[in-house]
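Below is my_file.cif, holding mmCIF, C-alpha atoms.
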data_my_file
loop_
_atom_site.label_atom_id
_atom_site.label_comp_id
_atom_site.auth_asym_id
_atom_site.auth_seq_id
_atom_site.Cartn_x
_atom_site.Cartn_y
_atom_site.Cartn_z
CA MET A 26 -10.80 4.81 -2.52
CA VAL A 27 -9.00 4.10 -5.77
CA VAL A 28 -5.97 6.39 -5.94
CA GLY A 29 -4.91 5.08 -9.31
CA LEU A 30 -4.95 2.03 -11.52
CA THR A 31 -1.78 1.07 -13.28
CA ARG A 32 -2.92 -1.55 -15.74
CA SER A 33 -5.52 -1.75 -18.46
CA SER A 34 -7.09 -5.05 -17.44
CA LYS A 35 -10.68 -6.27 -17.26
CA TYR A 36 -9.71 -8.96 -14.71
CA ILE A 37 -9.15 -6.66 -11.76
CA TYR A 38 -12.28 -4.56 -12.23
CA GLN A 39 -14.68 -7.29 -11.17
CA TYR A 40 -13.22 -7.11 -7.65
CA LEU A 41 -13.40 -3.34 -7.24
CA GLY A 42 -16.06 -1.78 -5.06
CA ALA A 43 -17.60 1.67 -5.29
CA SER A 44 -15.13 4.46 -5.97
CA PRO A 45 -15.45 8.23 -5.48
CA SER A 46 -13.94 8.57 -8.96
CA PRO A 47 -16.25 6.78 -11.42
CA ILE A 48 -14.58 4.27 -13.70
CA VAL A 49 -15.95 4.92 -17.17
CA ALA A 50 -14.31 2.10 -19.12
CA ALA A 51 -12.53 -1.10 -18.24
CA ASP A 52 -9.70 -0.41 -20.67
CA THR A 53 -8.97 3.09 -19.40
CA VAL A 54 -5.77 3.53 -17.43
CA TYR A 55 -6.00 5.72 -14.34
CA ARG A 56 -2.86 7.02 -12.70
CA ARG A 57 -2.38 9.44 -9.87
CA LYS A 58 -0.28 12.47 -10.72
CA VAL A 59 3.44 11.78 -10.43
CA PHE A 60 5.10 14.94 -9.22
CA SER A 61 8.30 15.89 -11.00
CA THR A 62 9.79 17.47 -7.90
CA MET A 63 9.38 17.18 -4.17
CA ARG A 64 8.59 20.90 -4.14
CA GLU A 65 5.57 20.31 -6.38
CA ALA A 66 4.46 17.55 -4.05
CA GLU A 67 4.77 19.92 -1.11
CA ALA A 68 2.66 22.52 -2.89
CA ALA A 69 0.04 19.90 -3.72
CA ASP A 70 -0.58 19.14 -0.05
CA SER A 71 -3.20 21.74 0.77
CA SER A 72 -3.98 20.37 4.20
CA ASN A 73 -0.98 22.04 5.89
CA LEU A 74 -1.61 20.41 9.24
CA SER A 75 -0.60 22.73 12.03
CA THR A 76 -0.23 19.89 14.53
CA LEU A 77 1.25 16.45 13.99
CA VAL A 78 0.36 13.94 16.69
CA LEU A 79 1.37 10.28 16.86
CA ASN A 80 -1.56 9.07 18.92
CA GLU A 81 -5.24 8.62 18.16
CA GLU A 82 -6.27 11.98 19.68
CA SER A 83 -4.77 13.71 16.63
CA LEU A 84 -7.57 12.40 14.45
CA THR A 85 -10.59 13.26 16.59
CA HIS A 86 -11.48 16.10 14.21
CA GLN A 87 -10.95 14.20 10.97
CA SER A 88 -11.63 10.83 9.39
CA VAL A 89 -9.32 7.96 10.21
CA THR A 90 -8.86 7.49 6.48
CA MET A 91 -7.19 10.88 6.08
CA THR A 92 -3.45 10.41 5.88
CA PRO A 93 -1.45 12.18 8.64
CA GLU A 94 1.36 14.42 7.49
CA ILE A 95 4.04 12.22 9.04
CA GLU A 96 2.98 9.32 6.81
CA LYS A 97 2.87 11.49 3.70
CA LYS A 98 6.38 12.78 4.24
CA TYR A 99 8.16 9.90 5.91
CA VAL A 100 6.44 6.92 4.30
CA HIS A 101 4.73 7.75 1.01
CA ARG A 102 7.28 10.19 -0.40
CA VAL A 103 10.22 8.22 0.86
CA TYR A 104 9.15 5.00 -0.84
CA ASP A 105 8.31 6.92 -4.01
CA ALA A 106 11.86 8.31 -4.00
CA ILE A 107 13.68 5.06 -3.19
CA ALA A 108 11.42 2.64 -5.11
CA PRO A 109 13.93 1.28 -7.69
CA HIS A 110 16.70 0.81 -5.11
CA PHE A 111 14.28 -0.60 -2.53
CA SER A 112 12.94 -3.04 -5.11
CA SER A 113 16.44 -4.22 -5.98
CA THR A 114 16.92 -5.30 -2.34
CA ARG A 115 13.56 -7.09 -2.05
CA PHE A 116 13.70 -10.46 -3.74
CA ALA A 117 14.03 -13.13 -1.03
CA LYS A 118 10.72 -14.67 0.05
CA TRP A 119 10.08 -14.97 3.76
CA PRO A 120 9.60 -18.74 4.44
CA LYS A 121 6.66 -18.19 6.80
CA VAL A 122 4.81 -16.11 4.20
CA ALA A 123 5.61 -18.59 1.42
CA SER A 124 4.40 -21.45 3.63
CA PHE A 125 1.12 -19.64 4.32
CA LEU A 126 0.52 -18.97 0.62
CA CYS A 127 1.40 -22.53 -0.39
CA SER A 128 -1.06 -23.90 2.19
CA LEU A 129 -4.05 -22.23 0.50
CA PRO A 130 -6.36 -24.32 -1.71
CA PRO A 131 -5.85 -24.31 -5.49
CA ASN A 132 -7.52 -21.44 -7.37
CA SER A 133 -7.59 -19.23 -4.27
CA LEU A 134 -7.81 -15.51 -4.98
CA ILE A 135 -5.26 -13.70 -2.80
CA LEU A 136 -4.83 -9.98 -2.10
CA ASP A 137 -1.41 -8.62 -1.17
CA ALA A 138 -2.19 -5.26 0.47
CA GLY A 139 1.05 -3.28 0.55
CA CYS A 140 2.65 -5.50 -2.08
CA GLY A 141 5.76 -3.33 -2.59
CA ASN A 142 7.61 -4.61 -5.66
CA GLY A 143 5.31 -7.63 -5.87
CA LYS A 144 7.75 -10.31 -4.75
CA TYR A 145 4.90 -12.46 -3.41
CA LEU A 146 2.54 -11.90 -6.36
CA GLY A 147 2.34 -15.07 -8.42
CA LEU A 148 4.42 -17.05 -5.93
CA VAL A 149 1.97 -19.98 -6.08
CA PRO A 150 1.05 -20.82 -9.69
CA LYS A 151 -2.13 -22.64 -8.63
CA CYS A 152 -3.55 -19.41 -7.11
CA PHE A 153 -4.60 -16.00 -8.43
CA PHE A 154 -3.00 -12.85 -7.03
CA ILE A 155 -3.86 -9.16 -7.05
CA GLY A 156 -1.94 -6.44 -5.21
CA CYS A 157 -2.02 -2.83 -4.14
CA ASP A 158 0.38 -0.35 -2.60
CA ILE A 159 0.36 3.37 -1.77
CA SER A 160 3.54 3.95 -3.80
CA ALA A 161 2.91 4.54 -7.51
CA PRO A 162 6.56 3.87 -8.49
CA LEU A 163 6.48 0.49 -6.73
CA ILE A 164 3.16 -0.35 -8.37
CA THR A 165 4.65 0.57 -11.74
CA ILE A 166 7.42 -1.96 -11.09
CA CYS A 167 4.76 -4.59 -10.34
CA ALA A 168 2.75 -3.72 -13.43
CA ASP A 169 5.84 -3.92 -15.63
CA ARG A 170 6.29 -7.48 -14.35
CA GLY A 171 2.78 -8.36 -15.49
CA HIS A 172 0.99 -8.35 -12.13
CA GLU A 173 -2.61 -7.23 -11.53
CA VAL A 174 -2.09 -4.19 -9.29
CA LEU A 175 -3.33 -0.73 -8.42
CA VAL A 176 -2.38 2.19 -6.18
CA ALA A 177 -4.54 2.22 -3.05
CA ASP A 178 -4.52 3.06 0.66
CA ALA A 179 -4.37 0.20 3.16
CA VAL A 180 -6.97 1.85 5.40
CA ASN A 181 -9.47 2.28 2.55
CA LEU A 182 -9.16 -0.66 0.18
CA PRO A 183 -11.12 -0.27 -3.08
CA TYR A 184 -12.23 -3.90 -3.31
CA ARG A 185 -15.66 -5.46 -2.89
CA THR A 186 -16.53 -6.97 0.47
CA GLY A 187 -15.90 -10.70 0.61
CA PHE A 188 -14.25 -11.02 -2.81
CA GLY A 189 -11.08 -12.91 -1.87
CA ASP A 190 -10.10 -16.20 -0.32
CA ALA A 191 -7.12 -14.79 1.57
CA ALA A 192 -5.15 -11.59 2.14
CA ILE A 193 -1.67 -10.77 3.33
CA SER A 194 -0.22 -7.62 4.83
CA ILE A 195 3.54 -8.00 5.12
CA ALA A 196 5.46 -5.24 6.94
CA VAL A 197 2.80 -2.58 6.33
CA LEU A 198 0.90 -1.76 9.53
CA HIS A 199 4.01 -0.44 11.29
CA HIS A 200 4.02 2.49 8.83
CA LEU A 201 0.62 3.70 10.10
CA SER A 202 0.98 6.34 12.76
CA THR A 203 -2.16 5.95 14.88
CA GLU A 204 -3.85 3.04 16.58
CA ASN A 205 -7.14 3.86 14.85
CA ARG A 206 -5.52 3.65 11.43
CA ARG A 207 -3.83 0.37 12.29
CA LYS A 208 -7.18 -1.05 13.46
CA LYS A 209 -8.91 0.20 10.31
CA ALA A 210 -6.29 -1.46 8.09
CA ILE A 211 -6.91 -4.79 9.83
CA GLU A 212 -10.67 -4.35 9.49
CA GLU A 213 -10.24 -3.70 5.78
CA LEU A 214 -8.19 -6.87 5.30
CA VAL A 215 -10.90 -8.92 7.02
CA ARG A 216 -13.66 -7.14 5.11
CA VAL A 217 -12.36 -8.05 1.65
CA VAL A 218 -12.07 -11.82 2.27
CA LYS A 219 -14.92 -14.31 2.25
CA MET A 220 -16.30 -15.95 5.38
CA GLY A 221 -13.73 -18.55 6.33
CA GLY A 222 -11.02 -16.59 4.52
CA LEU A 223 -7.60 -16.16 6.09
CA VAL A 224 -5.53 -13.02 6.68
CA LEU A 225 -1.80 -13.05 7.46
CA ILE A 226 -0.35 -9.91 9.06
CA THR A 227 3.29 -9.29 9.97
CA VAL A 228 4.80 -6.23 11.67
CA TRP A 229 8.21 -5.21 12.99
CA ALA A 230 8.70 -5.93 16.68
CA VAL A 231 10.16 -3.84 19.48
CA GLU A 232 11.90 -7.02 20.53
CA GLN A 233 14.51 -7.00 17.77
CA GLU A 234 16.75 -10.06 17.69
CA ASP A 235 19.64 -7.75 16.83
CA GLY A 236 19.35 -5.21 19.64
CA SER A 237 22.05 -3.01 18.12
CA LEU A 238 19.61 -1.96 15.38
CA LEU A 239 17.62 0.12 17.85
CA HIS A 240 20.65 2.36 18.39
CA LYS A 241 20.82 3.06 14.65
CA TRP A 242 17.23 4.33 14.62
CA THR A 243 16.07 7.78 15.71
CA PRO A 244 13.53 7.61 18.55
CA LEU A 245 10.56 9.97 18.29
CA THR A 246 8.50 11.63 20.98
CA GLU A 247 4.86 10.70 21.48
CA LYS A 248 3.67 13.73 19.57
CA TYR A 249 4.91 16.47 17.31
CA VAL A 250 3.39 19.87 18.03
CA GLU A 251 3.75 22.95 15.91
CA GLU A 252 6.55 24.54 17.88
CA GLU A 253 8.66 21.37 17.55
CA TRP A 254 8.96 21.75 13.79
CA VAL A 255 12.14 23.39 12.52
CA GLY A 256 11.54 24.70 9.03
CA PRO A 257 8.86 23.20 6.78
CA SER A 258 9.67 19.53 7.26
CA SER A 259 12.30 18.74 9.87
CA PRO A 260 11.00 17.69 13.31
CA ARG A 261 13.08 18.35 16.38
CA VAL A 262 13.59 14.92 17.94
CA ARG A 263 14.05 14.59 21.67
CA ASP A 264 16.70 12.16 22.81
CA PRO A 265 15.24 9.72 25.38
CA PHE A 266 18.67 9.54 27.02
CA SER A 267 18.84 13.30 27.62
CA PHE A 268 17.69 13.23 31.25
CA LYS A 269 20.09 14.96 33.63
CA LEU A 270 22.37 12.31 35.10
CA GLU A 271 24.27 14.93 37.08
CA SER A 272 21.31 15.15 39.47
CA ILE A 273 21.73 11.49 40.44
CA PRO A 274 24.10 10.82 43.36
CA GLU A 275 27.11 8.73 42.38
CA SER A 276 26.53 5.43 44.11
CA ASP A 277 26.49 1.92 42.73
CA GLU A 278 22.80 1.60 43.57
CA ASN A 279 21.81 4.77 41.74
CA ILE A 280 24.06 4.03 38.77
CA ASN A 281 22.26 0.71 38.42
CA LEU A 282 18.91 2.50 38.67
CA ALA A 283 19.97 4.92 35.94
CA SER A 284 21.05 2.02 33.72
CA GLN A 285 17.70 0.31 34.29
CA SER A 286 15.92 3.56 33.44
CA VAL A 287 17.73 3.78 30.09
CA LYS A 288 16.87 0.16 29.28
CA GLU A 289 13.23 0.75 30.25
CA THR A 290 13.10 3.83 28.00
CA VAL A 291 14.36 1.82 25.04
CA ARG A 292 11.91 -0.98 25.81
CA ASN A 293 8.96 1.42 25.93
CA GLN A 294 9.96 3.37 22.83
CA GLN A 295 7.89 2.37 19.81
CA GLU A 296 8.07 5.33 17.41
CA TYR A 297 11.20 5.59 15.26
CA PHE A 298 12.73 7.01 12.15
CA VAL A 299 14.56 4.16 10.39
CA PRO A 300 17.13 5.34 7.83
CA TRP A 301 17.31 4.23 4.21
CA HIS A 302 20.65 4.88 2.51
CA LEU A 303 20.17 5.60 -1.18
CA PRO A 304 23.58 5.42 -2.92
CA TYR A 305 24.59 8.60 -4.73
CA HIS A 306 24.68 6.86 -8.10
CA ARG A 307 21.08 5.70 -7.59
CA ALA A 308 19.95 9.05 -6.21
CA GLU A 309 20.82 10.92 -9.39
CA VAL A 310 18.56 8.86 -11.63
CA SER A 311 15.47 11.05 -11.26
CA GLY A 312 16.80 14.12 -9.50
CA ALA A 313 14.13 13.74 -6.82
CA SER A 314 16.78 13.36 -4.15
CA ALA A 315 18.18 16.81 -4.92
CA CYS A 316 14.77 18.28 -4.20
CA ALA A 317 14.43 16.16 -1.05
CA LEU A 318 17.78 17.46 0.18
CA ALA A 319 16.79 21.05 -0.57
CA ASN A 320 13.51 20.63 1.30
CA GLY A 321 15.06 18.92 4.32
CA LEU A 322 13.38 15.58 3.65
CA ALA A 323 16.75 13.85 3.23
CA ARG A 324 20.38 14.40 4.17
CA LYS A 325 23.75 13.50 2.67
CA ASP A 326 26.13 11.00 4.23
CA ASP A 327 29.42 11.48 2.40
CA LYS A 328 31.13 8.71 4.38
CA LYS A 329 28.66 6.16 3.04
CA GLY A 330 28.18 7.93 -0.28
CA ALA A 331 24.44 8.02 0.13
CA VAL A 332 21.39 10.20 0.49
CA VAL A 333 19.69 9.23 3.76
CA TYR A 334 15.90 9.18 3.99
CA ASN A 335 14.03 8.62 7.25
CA ARG A 336 11.13 6.16 7.22
CA TYR A 337 8.49 6.33 9.96
CA TYR A 338 7.91 3.12 11.96
CA HIS A 339 5.69 2.20 14.88
CA VAL A 340 7.28 -1.03 16.10
CA PHE A 341 4.91 -3.42 17.85
CA SER A 342 5.25 -4.77 21.36
CA GLU A 343 4.34 -8.31 22.37
CA GLY A 344 0.56 -8.74 22.43
CA GLU A 345 -0.17 -5.42 20.72
CA LEU A 346 -1.22 -6.94 17.42
CA GLU A 347 -3.57 -9.32 19.21
CA ARG A 348 -5.10 -6.44 21.19
CA LEU A 349 -5.90 -4.59 17.97
CA VAL A 350 -8.12 -7.44 16.78
CA SER A 351 -9.55 -8.39 20.19
CA GLY A 352 -12.62 -6.23 19.71
CA MET A 353 -13.48 -7.52 16.24
CA ASP A 354 -16.67 -9.58 16.10
CA ASN A 355 -16.11 -11.02 12.62
CA ALA A 356 -12.67 -12.62 12.95
CA ILE A 357 -10.70 -14.87 15.27
CA ILE A 358 -6.97 -15.47 15.69
CA VAL A 359 -6.04 -18.95 14.47
CA ASP A 360 -2.26 -18.55 14.73
CA GLN A 361 0.25 -16.14 16.23
CA PHE A 362 4.03 -16.28 16.30
CA PHE A 363 7.30 -14.37 16.48
CA ASP A 364 9.74 -14.83 13.63
CA LYS A 365 12.73 -12.86 12.36
CA SER A 366 12.02 -9.90 14.67
CA ASN A 367 8.38 -9.71 13.52
CA TRP A 368 5.12 -10.29 15.33
CA CYS A 369 2.71 -12.23 13.15
CA ILE A 370 -0.92 -13.33 13.32
CA VAL A 371 -3.28 -15.29 11.10
CA LEU A 372 -6.95 -14.32 11.27
CA LYS A 373 -10.01 -16.25 10.07
CA LYS A 374 -13.15 -14.38 9.05
CA THR A 375 -16.16 -15.78 10.90
CA LEU A 376 -19.04 -13.55 9.74
#
If you took the structure in this file and wrote it as structure tokens, what would it be?
Amino acid sequence: MVVGLTRSSKYIYQYLGASPSPIVAADTVYRRKVFSTMREAEAADSSNLSTLVLNEESLTHQSVTMTPEIEKKYVHRVYDAIAPHFSSTRFAKWPKVASFLCSLPPNSLILDAGCGNGKYLGLVPKCFFIGCDISAPLITICADRGHEVLVADAVNLPYRTGFGDAAISIAVLHHLSTENRRKKAIEELVRVVKMGGLVLITVWAVEQEDGSLLHKWTPLTEKYVEEEWVGPSSPRVRDPFSFKLESIPESDENINLASQSVKETVRNQQEYFVPWHLPYHRAEVSGASACALANGLARKDDKKGAVVYNRYYHVFSEGELERLVSGMDNAIIVDQFFDKSNWCIVLKKTL
């Protein structure tokens, strides 16, 4: 599905597949509506899901390509709101990604799905790059830099099957809230490359090299149900450390057991809200943060002088990424590694 095109370019159209919204002219610019306030965006969401579930059972009654509410609120709208500040912090190229791109043959056509501000687009002059992202403000930043980009959903890419030589998905899949959606995103990446094409995927790991980071994140329960929502947008989050320690006899053995239980809880926790601190002077640029604060989608931190947004993450455990692709009959894993607190795999399309 094409959500919106941001550039008037004939080059990118030859790679697009069928779209529910017919493209009538190659030089016509299509943009999704940019809401002037968060309140308008809230009103535009007619789905009004009564139940928000973080596992695959939540989507048994709807298509996997329909975006869950948690992703709309805590991924899409957050990145739309923080796009300029986020972009200003994203300029360093990850050596492993750069090495992968530089290893591709000259004249390779490469898709960056979830390209953000486009820091990898055009990295290798001998290759051709196109990109997409769900955030229209980030895509606008890419377009202003001269990149071939469009707004699109990672689980429903608008490109023709087998059009590209390679694809990358850098720090994207961990923003998808169900296993089925994560699988579908991988399938889409494989679909759009040619036979023999390569796909590099990286995701945040549970096994963070800096373990203190986990204590700065807000752990989420396995599911949100209707009664756990306070107001229109603020979930009540259970603390995994809230078990009743007073019921445990005070002995060295049981204290050690309790400590092990806490560590095991942290190890098994994979769903988090990760904060993004948007400085006050950046938050006032568009006024969107004022609406986010009013609607409970952000909070103020006067000590840090910032508006704090929560971003949804599903952090991956060891072997989880490999298990997602284990059932695919058209791709094999040719490399897998852990680097900078990320799990990474390289796939090769075989059919």
Next item on the list: Run the PyMOL selection byres ((chain A and resi 368) around 8) mentally over the shown coordinates, then write out the matched residues as an MDAnalysis selection string, using the chain letters and numbers from the document.
Entry: chainID A and resid 227:230 341 343 346 361:364 366:367 369:370
Check: Which one of A:Val149, A:Ile164, A:Leu201, A:Val371 sits closest to Ala108 in chain A if you count only C-alpha atoms?
Finding: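 When distances to Ala108 in chain A are compared using only C-alpha atoms, the smallest one comes from A:Ile164.
Interatomic distance, CA of Gly321 in chain A to CA of Tyr305 in chain A: 16.7 Å.
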Notebook entry, point to check: When you draw a straight line from CA of Tyr297 in chain A to CA of Trp242 in chain A, how long is it in Å?
Noted result: 6.2 Å
Using the chain letters and numbering of this document, enumerate as a PDB file with C-alpha atoms, keeping the file's coordinate frame the residues selected by the PyMOL selection byres ((chain A and resi 125) around 10).
ATOM      1  CA  PRO A 120       9.600 -18.740   4.440  1.00  0.00           C
ATOM      2  CA  LYS A 121       6.660 -18.190   6.800  1.00  0.00           C
ATOM      3  CA  VAL A 122       4.810 -16.110   4.200  1.00  0.00           C
ATOM      4  CA  ALA A 123       5.610 -18.590   1.420  1.00  0.00           C
ATOM      5  CA  SER A 124       4.400 -21.450   3.630  1.00  0.00           C
ATOM      6  CA  LEU A 126       0.520 -18.970   0.620  1.00  0.00           C
ATOM      7  CA  CYS A 127       1.400 -22.530  -0.390  1.00  0.00           C
ATOM      8  CA  SER A 128      -1.060 -23.900   2.190  1.00  0.00           C
ATOM      9  CA  LEU A 129      -4.050 -22.230   0.500  1.00  0.00           C
ATOM     10  CA  ALA A 191      -7.120 -14.790   1.570  1.00  0.00           C
ATOM     11  CA  ILE A 193      -1.670 -10.770   3.330  1.00  0.00           C
ATOM     12  CA  LEU A 223      -7.600 -16.160   6.090  1.00  0.00           C
ATOM     13  CA  VAL A 224      -5.530 -13.020   6.680  1.00  0.00           C
ATOM     14  CA  LEU A 225      -1.800 -13.050   7.460  1.00  0.00           C
ATOM     15  CA  VAL A 371      -3.280 -15.290  11.100  1.00  0.00           C
TER      16      VAL A 371
END
Note to self: Just the number, please: distance in Å from CA of Val215 in chain A to CA of Asp105 in chain A, one decimal.
What the structure shows: 27.2 Å
Checklist line | Protein, DNA and RNA residues within 8 Å of (3.5, 3.1, -4.6), all atoms listed in the file, as a list in words | finding: His101, Tyr104, Asp105, Ala108, Gly141, Asp158, Ile159, Ser160, Ala161, Pro162, Leu163, Ile164, Thr165 and Val176 of chain A
Can you write just those residues out, C-alpha atoms, as a short mmCIF file (atom, residue, chain, number, x, y, z; two decimals), in the coordinates of the input?
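In the end it all went to again-v7.cif:
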data_model
loop_
_atom_site.label_atom_id
_atom_site.label_comp_id
_atom_site.auth_asym_id
_atom_site.auth_seq_id
_atom_site.Cartn_x
_atom_site.Cartn_y
_atom_site.Cartn_z
CA HIS A 101 4.73 7.75 1.01
CA TYR A 104 9.15 5.00 -0.84
CA ASP A 105 8.31 6.92 -4.01
CA ALA A 108 11.42 2.64 -5.11
CA GLY A 141 5.76 -3.33 -2.59
CA ASP A 158 0.38 -0.35 -2.60
CA ILE A 159 0.36 3.37 -1.77
CA SER A 160 3.54 3.95 -3.80
CA ALA A 161 2.91 4.54 -7.51
CA PRO A 162 6.56 3.87 -8.49
CA LEU A 163 6.48 0.49 -6.73
CA ILE A 164 3.16 -0.35 -8.37
CA THR A 165 4.65 0.57 -11.74
CA VAL A 176 -2.38 2.19 -6.18
#
Next item on the list: Go through A:Val231, A:Ala192, A:Leu41, A:Ala308 and flag the residue nearest Glu213 in chain A, using all atoms listed in the file for the distances.
Entry: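 Distance minimum relative to Glu213 in chain A lands on A:Ala192.
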Next item on the list: Rank A:Ser237, A:His200, A:Asn293, A:Gly171 by their smallest atom-to-atom distance to Lys98 in chain A, using only C-alpha atoms, and report the top residue only.
Entry: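 Ranking A:Ser237, A:His200, A:Asn293, A:Gly171 by distance to Lys98 in chain A, first place goes to A:His200.
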